[in-house]
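Undergrad: My questions all concern the structure below.
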Amino acid sequence: MLKIDGERLWASLMAMAEIGATARGGSCRLALSAEDQAGRALFSRWCEDAGLTLSVDAIGNLFARRAGTDPEAAPVMMGSHLDTQPEGGRFDGVYGVLAGLEVIRSLDDHGIKTRKPLEIAVWTNEEGARFTPAMLGSAVFTGTLALDNALATRDVAGVSVADALRSTGYNGKRPLGGAGDAYIQAHIEPGPILEDTAKSIGVVTGGQAIRWLYVRVEGMAAHAGTTPMPLRKDALYGAAQMIQSLENLAADFAPEGLTTVGELSIAKSSRNTIPGLLNFTVDLRHHRDADIEAMEQQVRARLQDIAAQRGLSVTVSPHWISPATPFDAECVACVQSAVDALGYAQQSIVSGAGHDAIHLARFCPTAMVFIPCVGGLSHNEAEDVLPEDVRQGTDVLLNAVLKRAGQAN
């Protein structure tokens, strides 16, 4: 079994972390920002040094290609993203991109040519921190999201994706989509399961279902000092009861069911005015589509009941749906056989977060490799991984990709 150069990969990760470095040791490279552009430029230089061919499509996805000996074969793809959260970590997404580059560098070290070509993808706006939805670039690539709709999306400053692509020079000409033999993505586990079970590798069998909802609660704004409590139509107190009901709902669907309220805004808020209108978001997750459908129906019923009790009106609107996604059995087997042969401690795992691999799984055979995240902490400047886990995960990626791409005779 082949091994990668762990010190070289770690040095690449640390060099990339210097771009958009934050005061508390994290990274800030919002999608298609100047920092993201600089990170892409550094990656591109490394790829050119490795003899790879670069191309960019119309949504700004960047591809680095190593030719195979079979000119008719579709590529085996790797990759992830270089954009981060506003106060993100040094490894989320970046690890998958640079692990892909290290696979190619290691194949060069060993003088190994593959029958199928290899490609590393840097997907645009995976995080969804600047533009929504998340995983925008891979959604357009796979046809899940229309290009025109994606280009028209604007950030909070009013800058569109099309504007940002032009300003950074990433409005490319490569056709969207195309043939893909397989996609195998390495990623940190953005959660605590692998660390908790003392496993170095997660063999990811698929991704759970995700639903994002918008909730609008409307009551009646009134004076805080003159309106008796029984006569109030307080949108915030009503929302508080609704949010508590969502936590209780998760318990009814335990252990796979998850509910999160990540944003809440009060319209025209004032300290001495009873809140009359507010909005909050709901994030639902479950391993199975039927269960997440049941969760959404329960959300709607419970919130309507509470609104009726309090004399409020509530509207629940869908924002984004990602179905449960099983990964390709043959690709998962490639990862599993690599782990078994290397002898690394491992377990099967379902991805709790959205990843570009979820979109790619509807485009070509797909699998993922997880490595542990210290403390299960991600989307945080304190996000960390162990160099040995980085190395082992990339060893697995290398051997799984080589098995799928085939060694040239």
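Ordered as shown in the structure tokens, chains take letters A, B, and onward, while each chain numbers its residues from 1 and ligands are numbered from 1 in the order shown.
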Using only C-alpha atoms, find each residue of region 8-86 of chain A with at least one atom at most 8 Å away from an atom of region 134-138 of chain A; report its shortest atom-to-atom pair and that distance in Å (one decimal), sort the rows by chain and rising residue number, and return the result as CSV.
TA:
residue,atom,partner,partner_atom,distance
A:Ile59,CA,A:Gly137,CA,6.0
A:Gly60,CA,A:Gly137,CA,7.2
A:Asn61,CA,A:Gly137,CA,6.1
Undergrad: I need the chosen residues saved as a compact mmCIF listing (two decimals), in the first residue's frame, with C-alpha atoms.
TA:
# COMPACT_ATOMS: atom_id res chain seq x y z
CA ILE A 59 -19.75 29.20 -11.89
CA GLY A 60 -16.08 29.47 -10.95
CA ASN A 61 -15.37 25.84 -10.08
Undergrad: With a cut-off of 8 Å, could you pull out the residues of region 175-252 of chain A touching region 382-394 of chain A and give me the nearest pair of atoms for each, distance in Å to one decimal, using only C-alpha atoms, ordered by chain and ascending number, as a Markdown table?
TA:
| residue | atom | partner | partner_atom | distance |
| --- | --- | --- | --- | --- |
| A:Ala186 | CA | A:Gly393 | CA | 7.2 |
| A:Ile188 | CA | A:Val385 | CA | 7.9 |
| A:Ser200 | CA | A:Asp389 | CA | 5.9 |
| A:Ile201 | CA | A:Gly393 | CA | 6.3 |
Undergrad: So which bits of region 177-398 of chain A end up strand (DSSP E or B) when you DSSP the backbone, as a CSV table (one decimal) with N, CA and C atoms, in the first residue's frame?
TA:
chain,number,residue,atom,x,y,z
A,182,ALA,N,-15.9,8.9,-11.2
A,182,ALA,CA,-16.1,8.7,-9.7
A,182,ALA,C,-15.7,10.0,-9.1
A,183,TYR,N,-16.1,10.2,-7.8
A,183,TYR,CA,-15.7,11.3,-7.0
A,183,TYR,C,-15.5,10.8,-5.6
A,184,ILE,N,-14.3,11.0,-5.1
A,184,ILE,CA,-13.9,10.5,-3.7
A,184,ILE,C,-13.4,11.7,-3.0
A,185,GLN,N,-14.0,12.1,-1.9
A,185,GLN,CA,-13.7,13.4,-1.2
A,185,GLN,C,-13.2,13.1,0.2
A,186,ALA,N,-12.1,13.6,0.5
A,186,ALA,CA,-11.6,13.6,1.9
A,186,ALA,C,-12.0,14.8,2.6
A,187,HIS,N,-12.4,14.7,3.9
A,187,HIS,CA,-12.9,15.8,4.7
A,187,HIS,C,-12.7,15.6,6.2
A,188,ILE,N,-12.5,16.6,6.9
A,188,ILE,CA,-12.6,16.4,8.4
A,188,ILE,C,-14.0,16.1,8.8
A,201,ILE,N,-10.3,6.8,10.9
A,201,ILE,CA,-10.9,7.0,9.6
A,201,ILE,C,-12.4,6.7,9.7
A,202,GLY,N,-13.2,7.5,9.1
A,202,GLY,CA,-14.6,7.3,8.9
A,202,GLY,C,-14.9,6.9,7.4
A,203,VAL,N,-15.4,5.7,7.2
A,203,VAL,CA,-15.8,5.3,5.9
A,203,VAL,C,-17.3,5.8,5.7
A,204,VAL,N,-17.5,6.8,4.9
A,204,VAL,CA,-18.8,7.5,4.9
A,204,VAL,C,-19.7,6.8,3.9
A,205,THR,N,-20.8,6.3,4.3
A,205,THR,CA,-21.7,5.6,3.5
A,205,THR,C,-22.8,6.4,2.8
A,206,GLY,N,-22.9,7.7,3.2
A,206,GLY,CA,-23.9,8.6,2.6
A,206,GLY,C,-24.1,9.8,3.5
A,207,GLY,N,-25.0,10.6,3.0
A,207,GLY,CA,-25.3,11.9,3.8
A,207,GLY,C,-26.8,11.9,4.2
A,209,ALA,N,-30.5,13.5,5.3
A,209,ALA,CA,-31.4,14.5,4.7
A,209,ALA,C,-31.4,15.8,5.5
A,210,ILE,N,-31.5,16.9,4.8
A,210,ILE,CA,-31.5,18.2,5.4
A,210,ILE,C,-32.6,19.0,4.9
A,211,ARG,N,-33.3,19.8,5.7
A,211,ARG,CA,-34.3,20.7,5.3
A,211,ARG,C,-34.2,22.0,6.1
A,212,TRP,N,-34.2,23.2,5.3
A,212,TRP,CA,-34.1,24.5,5.9
A,212,TRP,C,-35.5,25.1,5.7
A,213,LEU,N,-36.0,25.7,6.8
A,213,LEU,CA,-37.3,26.4,6.8
A,213,LEU,C,-37.1,27.8,7.3
A,214,TYR,N,-38.0,28.7,6.7
A,214,TYR,CA,-38.1,30.0,7.3
A,214,TYR,C,-39.4,30.1,8.1
A,215,VAL,N,-39.4,30.7,9.2
A,215,VAL,CA,-40.6,30.9,10.1
A,215,VAL,C,-40.8,32.3,10.3
A,216,ARG,N,-42.0,32.8,10.0
A,216,ARG,CA,-42.4,34.2,10.3
A,216,ARG,C,-43.6,34.2,11.3
A,217,VAL,N,-43.3,34.9,12.4
A,217,VAL,CA,-44.3,35.0,13.5
A,217,VAL,C,-44.8,36.4,13.6
A,218,GLU,N,-46.1,36.6,13.5
A,218,GLU,CA,-46.6,37.9,13.6
A,218,GLU,C,-47.7,38.1,14.7
A,222,ALA,N,-46.8,46.7,20.7
A,222,ALA,CA,-47.5,47.5,21.7
A,222,ALA,C,-46.6,48.0,22.7
A,223,HIS,N,-47.1,49.0,23.5
A,223,HIS,CA,-46.2,49.6,24.6
A,223,HIS,C,-45.9,48.6,25.7
A,258,LEU,N,-32.5,15.8,14.4
A,258,LEU,CA,-31.8,17.0,14.9
A,258,LEU,C,-32.6,18.2,14.5
A,259,THR,N,-32.7,19.2,15.4
A,259,THR,CA,-33.4,20.5,15.1
A,259,THR,C,-32.5,21.6,15.6
A,260,THR,N,-32.4,22.6,14.8
A,260,THR,CA,-31.6,23.8,15.2
A,260,THR,C,-32.3,25.1,14.7
A,264,LEU,N,-32.4,34.4,14.4
A,264,LEU,CA,-33.7,35.0,14.8
A,264,LEU,C,-33.5,36.5,14.7
A,265,SER,N,-34.5,37.1,14.1
A,265,SER,CA,-34.5,38.6,13.9
A,265,SER,C,-35.8,39.2,14.3
A,266,ILE,N,-35.8,40.2,15.1
A,266,ILE,CA,-37.0,40.9,15.5
A,266,ILE,C,-37.1,42.2,14.6
A,273,THR,N,-40.8,48.1,23.5
A,273,THR,CA,-41.9,47.8,22.6
A,273,THR,C,-42.1,46.2,22.6
A,274,ILE,N,-43.3,45.8,22.7
A,274,ILE,CA,-43.6,44.3,22.6
A,274,ILE,C,-43.3,43.9,21.2
A,277,LEU,N,-43.3,41.4,15.3
A,277,LEU,CA,-43.0,40.6,14.1
A,277,LEU,C,-41.6,40.1,14.2
A,278,LEU,N,-41.4,38.8,13.9
A,278,LEU,CA,-40.0,38.3,13.9
A,278,LEU,C,-39.9,37.1,12.9
A,279,ASN,N,-38.7,36.8,12.6
A,279,ASN,CA,-38.4,35.6,11.7
A,279,ASN,C,-37.3,34.8,12.3
A,280,PHE,N,-37.4,33.5,12.2
A,280,PHE,CA,-36.3,32.6,12.6
A,280,PHE,C,-36.2,31.5,11.6
A,281,THR,N,-35.0,30.8,11.6
A,281,THR,CA,-34.8,29.7,10.7
A,281,THR,C,-34.8,28.4,11.5
A,282,VAL,N,-35.2,27.3,10.8
A,282,VAL,CA,-35.2,26.0,11.3
A,282,VAL,C,-34.4,25.1,10.4
A,283,ASP,N,-33.4,24.4,11.0
A,283,ASP,CA,-32.6,23.4,10.3
A,283,ASP,C,-33.0,22.0,10.8
A,284,LEU,N,-33.6,21.2,9.9
A,284,LEU,CA,-33.9,19.8,10.3
A,284,LEU,C,-33.0,18.8,9.6
A,285,ARG,N,-32.6,17.7,10.4
A,285,ARG,CA,-31.8,16.7,9.8
A,285,ARG,C,-32.2,15.3,10.3
A,286,HIS,N,-32.1,14.3,9.4
A,286,HIS,CA,-32.4,13.0,9.8
A,286,HIS,C,-31.7,12.1,8.7
A,313,SER,N,-50.1,34.8,14.3
A,313,SER,CA,-50.1,34.1,13.0
A,313,SER,C,-48.7,33.6,12.7
A,314,VAL,N,-48.6,32.4,12.1
A,314,VAL,CA,-47.2,31.9,11.8
A,314,VAL,C,-47.3,31.4,10.4
A,315,THR,N,-46.2,31.6,9.7
A,315,THR,CA,-46.0,31.1,8.3
A,315,THR,C,-44.7,30.3,8.3
A,316,VAL,N,-44.7,29.1,7.8
A,316,VAL,CA,-43.5,28.3,7.6
A,316,VAL,C,-43.3,28.0,6.1
A,317,SER,N,-42.1,28.5,5.7
A,317,SER,CA,-41.8,28.4,4.2
A,317,SER,C,-40.5,27.6,4.0
A,318,PRO,N,-40.5,26.7,3.0
A,318,PRO,CA,-39.3,25.9,2.7
A,318,PRO,C,-38.3,26.8,2.1
A,319,HIS,N,-37.0,26.6,2.4
A,319,HIS,CA,-35.9,27.4,1.8
A,319,HIS,C,-35.0,26.5,1.0
A,320,TRP,N,-34.7,25.3,1.5
A,320,TRP,CA,-33.8,24.4,0.8
A,320,TRP,C,-34.0,22.9,1.3
A,321,ILE,N,-34.0,22.0,0.4
A,321,ILE,CA,-34.2,20.6,0.7
A,321,ILE,C,-33.0,19.8,0.1
A,322,SER,N,-32.4,18.9,0.9
A,322,SER,CA,-31.4,18.0,0.4
A,322,SER,C,-31.8,16.6,0.9
A,325,THR,N,-28.8,10.8,1.0
A,325,THR,CA,-28.1,10.4,-0.2
A,325,THR,C,-27.1,9.2,0.2
A,326,PRO,N,-27.5,8.0,-0.3
A,326,PRO,CA,-26.5,6.9,-0.1
A,326,PRO,C,-25.4,7.0,-1.1
A,346,GLN,N,-11.0,2.2,12.1
A,346,GLN,CA,-12.0,2.9,11.3
A,346,GLN,C,-13.4,2.4,11.7
A,347,GLN,N,-14.4,3.2,11.2
A,347,GLN,CA,-15.8,2.8,11.3
A,347,GLN,C,-16.6,3.4,10.2
A,348,SER,N,-17.8,2.8,9.9
A,348,SER,CA,-18.7,3.4,9.0
A,348,SER,C,-19.4,4.5,9.6
A,349,ILE,N,-19.8,5.5,8.9
A,349,ILE,CA,-20.4,6.7,9.4
A,349,ILE,C,-21.3,7.4,8.3
A,350,VAL,N,-22.4,8.0,8.8
A,350,VAL,CA,-23.2,8.8,7.9
A,350,VAL,C,-22.9,10.3,8.1
A,351,SER,N,-22.7,11.0,7.0
A,351,SER,CA,-22.3,12.4,7.2
A,351,SER,C,-23.5,13.2,7.7
A,366,THR,N,-19.9,8.0,-6.0
A,366,THR,CA,-19.2,8.9,-5.0
A,366,THR,C,-19.0,8.2,-3.7
A,367,ALA,N,-17.9,8.6,-3.0
A,367,ALA,CA,-17.7,8.2,-1.6
A,367,ALA,C,-16.9,9.3,-0.9
A,368,MET,N,-16.8,9.1,0.4
A,368,MET,CA,-16.0,10.1,1.2
A,368,MET,C,-15.2,9.4,2.3
A,369,VAL,N,-14.1,10.1,2.7
A,369,VAL,CA,-13.2,9.7,3.7
A,369,VAL,C,-13.2,10.7,4.8
A,370,PHE,N,-13.6,10.4,6.0
A,370,PHE,CA,-13.5,11.4,7.1
A,370,PHE,C,-12.3,11.1,8.0
A,371,ILE,N,-11.8,12.2,8.6
A,371,ILE,CA,-10.8,12.1,9.6
A,371,ILE,C,-11.3,12.8,10.8
Undergrad: Quick one: pick out all helix (DSSP H, G or I) residues within region 72-292 of chain A from a backbone DSSP run and write them as number ranges by chain.
TA: A: 94-109, 136-141, 147-152, 161-168, 193-196, 229-231, 235-252, 289-292
Undergrad: Using only C-alpha atoms, which residues sit within 8 Å of region 298-308 of chain A once same-chain residues fewer than 3 positions away are excluded, as a list in words?
TA: Gly238, Gln241, Met242, Ser245, Leu246, Leu249, Ala294, Met295, Gly311, Leu312, Ser313, Val314 and Val316 of chain A
Undergrad: Find the residue from A:Pro365, A:Gly262, A:Pro275, A:Gly25 that sits nearest to Asp234 (chain A); use only C-alpha atoms when measuring.
TA: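 Selected residue with least distance to Asp234 (chain A): A:Pro275.
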Undergrad: List the spatial neighbours of Asn149 (chain A) as number ranges by chain - criterion: any atom at most 12 Å away, only C-alpha atoms, same-chain residues fewer than 2 positions off excluded.
TA: A: 59, 131-133, 136-137, 139-140, 143-147, 151-154, 160-162
Undergrad: From the set A:Asn380, A:Thr142, A:Asn409, A:Gln297, which residue has the shortest atom-to-atom contact distance to Pro190 (chain A), counting only C-alpha atoms?
TA: A:Asn380
Undergrad: Pick the closest to Leu52 (chain A) from A:Asp395, A:Asp328, A:Asp36, A:Asp108: which is it, counting only C-alpha atoms?
TA: A:Asp108
Undergrad: Give me, as number ranges by chain, all polymer residues having an atom no more than 12 Å from Ala11 (chain A), counting only C-alpha atoms and skipping those fewer than 2 positions away in the same chain.
TA: A: 5-9, 13-18, 95, 98-99, 102, 387, 390-391
Undergrad: Write the residues of the preceding selection, restricted to all heavy atoms, as a compact mmCIF listing (two decimals), in the first residue's frame.
TA:
# COMPACT_ATOMS: atom_id res chain seq x y z
N ASP A 5 3.38 11.79 1.67
CA ASP A 5 4.36 12.55 2.45
C ASP A 5 3.59 13.45 3.40
O ASP A 5 3.12 14.53 3.02
CB ASP A 5 5.24 13.37 1.49
CG ASP A 5 6.36 14.11 2.21
OD1 ASP A 5 6.20 14.43 3.40
OD2 ASP A 5 7.39 14.41 1.57
N GLY A 6 3.43 13.00 4.63
CA GLY A 6 2.63 13.73 5.59
C GLY A 6 3.18 15.11 5.92
O GLY A 6 2.42 16.06 6.12
N GLU A 7 4.50 15.24 5.99
CA GLU A 7 5.09 16.55 6.31
C GLU A 7 4.84 17.55 5.18
O GLU A 7 4.58 18.73 5.44
CB GLU A 7 6.58 16.39 6.58
CG GLU A 7 6.90 15.63 7.85
CD GLU A 7 8.38 15.57 8.14
OE1 GLU A 7 9.16 16.14 7.33
OE2 GLU A 7 8.77 14.96 9.15
N ARG A 8 4.91 17.09 3.96
CA ARG A 8 4.67 18.00 2.82
C ARG A 8 3.21 18.47 2.82
O ARG A 8 2.93 19.65 2.60
CB ARG A 8 5.01 17.28 1.51
CG ARG A 8 4.71 18.10 0.26
CD ARG A 8 5.22 17.40 -0.99
NE ARG A 8 4.63 16.07 -1.15
CZ ARG A 8 5.11 15.13 -1.97
NH1 ARG A 8 6.18 15.38 -2.71
NH2 ARG A 8 4.52 13.96 -2.06
N LEU A 9 2.29 17.55 3.07
CA LEU A 9 0.88 17.93 3.10
C LEU A 9 0.62 18.91 4.24
O LEU A 9 -0.10 19.90 4.06
CB LEU A 9 0.01 16.68 3.26
CG LEU A 9 -1.49 16.92 3.45
CD1 LEU A 9 -2.07 17.79 2.34
CD2 LEU A 9 -2.24 15.59 3.52
N LEU A 13 -0.95 22.74 4.06
CA LEU A 13 -2.10 23.20 4.84
C LEU A 13 -1.77 24.47 5.62
O LEU A 13 -2.57 25.41 5.68
CB LEU A 13 -2.56 22.10 5.80
CG LEU A 13 -3.26 20.90 5.17
CD1 LEU A 13 -3.31 19.73 6.16
CD2 LEU A 13 -4.68 21.26 4.73
N MET A 14 -0.58 24.51 6.21
CA MET A 14 -0.19 25.68 7.00
C MET A 14 0.05 26.89 6.11
O MET A 14 -0.25 28.03 6.49
CB MET A 14 1.05 25.37 7.83
CG MET A 14 0.82 24.30 8.91
SD MET A 14 -0.50 24.72 10.10
CE MET A 14 -1.87 23.76 9.43
N ALA A 15 0.60 26.68 4.92
CA ALA A 15 0.81 27.79 3.99
C ALA A 15 -0.53 28.37 3.52
O ALA A 15 -0.70 29.59 3.44
CB ALA A 15 1.62 27.33 2.79
N MET A 16 -1.50 27.51 3.23
CA MET A 16 -2.82 27.99 2.83
C MET A 16 -3.49 28.73 3.98
O MET A 16 -4.20 29.74 3.76
CB MET A 16 -3.69 26.82 2.37
CG MET A 16 -5.04 27.22 1.81
SD MET A 16 -4.96 28.23 0.32
CE MET A 16 -4.44 27.00 -0.89
N ALA A 17 -3.26 28.29 5.21
CA ALA A 17 -3.90 28.92 6.37
C ALA A 17 -3.42 30.35 6.59
O ALA A 17 -4.10 31.14 7.26
CB ALA A 17 -3.63 28.09 7.62
N GLU A 18 -2.28 30.71 6.04
CA GLU A 18 -1.79 32.08 6.18
C GLU A 18 -2.62 33.07 5.37
O GLU A 18 -2.62 34.27 5.66
CB GLU A 18 -0.32 32.15 5.74
CG GLU A 18 0.63 31.38 6.65
CD GLU A 18 2.06 31.42 6.16
OE1 GLU A 18 2.33 32.16 5.19
OE2 GLU A 18 2.91 30.73 6.74
N TYR A 95 -8.64 20.75 3.60
CA TYR A 95 -7.99 19.43 3.67
C TYR A 95 -8.30 18.58 2.44
O TYR A 95 -7.42 17.95 1.87
CB TYR A 95 -8.41 18.70 4.95
CG TYR A 95 -8.02 17.24 4.96
CD1 TYR A 95 -6.70 16.85 4.82
CD2 TYR A 95 -8.99 16.25 5.09
CE1 TYR A 95 -6.33 15.51 4.81
CE2 TYR A 95 -8.64 14.91 5.08
CZ TYR A 95 -7.32 14.54 4.93
OH TYR A 95 -6.97 13.21 4.91
N LEU A 98 -6.27 19.89 -0.67
CA LEU A 98 -4.82 19.66 -0.61
C LEU A 98 -4.48 18.18 -0.44
O LEU A 98 -3.40 17.75 -0.85
CB LEU A 98 -4.22 20.50 0.52
CG LEU A 98 -4.40 22.02 0.32
CD1 LEU A 98 -3.67 22.79 1.40
CD2 LEU A 98 -3.92 22.45 -1.06
N ALA A 99 -5.39 17.39 0.11
CA ALA A 99 -5.19 15.94 0.11
C ALA A 99 -5.21 15.42 -1.32
O ALA A 99 -4.42 14.54 -1.68
CB ALA A 99 -6.27 15.26 0.93
N GLU A 102 -1.92 16.21 -2.78
CA GLU A 102 -0.89 15.31 -2.24
C GLU A 102 -0.98 13.92 -2.86
O GLU A 102 0.06 13.26 -3.06
CB GLU A 102 -1.02 15.23 -0.71
CG GLU A 102 0.00 14.31 -0.05
CD GLU A 102 1.45 14.67 -0.36
OE1 GLU A 102 1.75 15.88 -0.51
OE2 GLU A 102 2.28 13.74 -0.46
N PRO A 387 -1.86 15.85 12.85
CA PRO A 387 -1.11 15.54 11.63
C PRO A 387 -1.15 14.05 11.27
O PRO A 387 -1.19 13.70 10.09
CB PRO A 387 0.31 16.01 11.96
CG PRO A 387 0.11 17.11 12.96
CD PRO A 387 -1.07 16.69 13.79
N VAL A 390 -4.37 13.36 9.53
CA VAL A 390 -4.28 13.93 8.19
C VAL A 390 -3.56 12.97 7.26
O VAL A 390 -3.99 12.71 6.13
CB VAL A 390 -3.58 15.30 8.23
CG1 VAL A 390 -3.19 15.77 6.83
CG2 VAL A 390 -4.47 16.34 8.90
N ARG A 391 -2.44 12.45 7.74
CA ARG A 391 -1.65 11.53 6.91
C ARG A 391 -2.42 10.25 6.62
O ARG A 391 -2.48 9.79 5.46
CB ARG A 391 -0.32 11.20 7.60
CG ARG A 391 0.58 10.28 6.76
CD ARG A 391 1.78 9.81 7.55
NE ARG A 391 1.41 8.95 8.66
CZ ARG A 391 1.07 7.67 8.54
NH1 ARG A 391 1.05 7.10 7.32
NH2 ARG A 391 0.77 6.94 9.59
Undergrad: Near His81 (chain A), counting only C-alpha atoms, which residues have an atom at most 8 Å away, once you skip same-chain residues fewer than 5 positions from it, shown as an MDAnalysis selection string?
TA: chainID A and resid 93:94 96:97 121:126
Undergrad: Just write the chosen residues, C-alpha atoms, as a short mmCIF file (atom, residue, chain, number, x, y, z; two decimals), in the first residue's frame.
TA:
data_model
loop_
_atom_site.label_atom_id
_atom_site.label_comp_id
_atom_site.auth_asym_id
_atom_site.auth_seq_id
_atom_site.Cartn_x
_atom_site.Cartn_y
_atom_site.Cartn_z
CA GLY A 93 -12.74 21.93 2.93
CA VAL A 94 -9.10 22.87 2.54
CA GLY A 96 -9.92 17.75 0.85
CA VAL A 97 -8.40 19.99 -1.82
CA ALA A 121 -12.05 20.16 -7.97
CA VAL A 122 -12.24 23.38 -5.97
CA TRP A 123 -15.97 24.00 -5.65
CA THR A 124 -17.31 27.56 -5.44
CA ASN A 125 -19.14 28.81 -2.34
CA GLU A 126 -19.47 25.49 -0.54
#
Undergrad: One number please: CA of Cys47 (chain A) to CA of Thr84 (chain A), in Å, one decimal.
TA: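 Pair CA of Cys47 (chain A) / CA of Thr84 (chain A) returns 20.9 Å.
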Undergrad: Closest to Arg130 (chain A) among A:Glu35, A:Asp109, A:Glu189, A:Asp155, using only C-alpha atoms?
TA: A:Asp155
Undergrad: In Å, how far is it from CA of Lys3 (chain A) to CA of Arg66 (chain A)?
TA: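 Those two atoms sit 19.1 Å apart.
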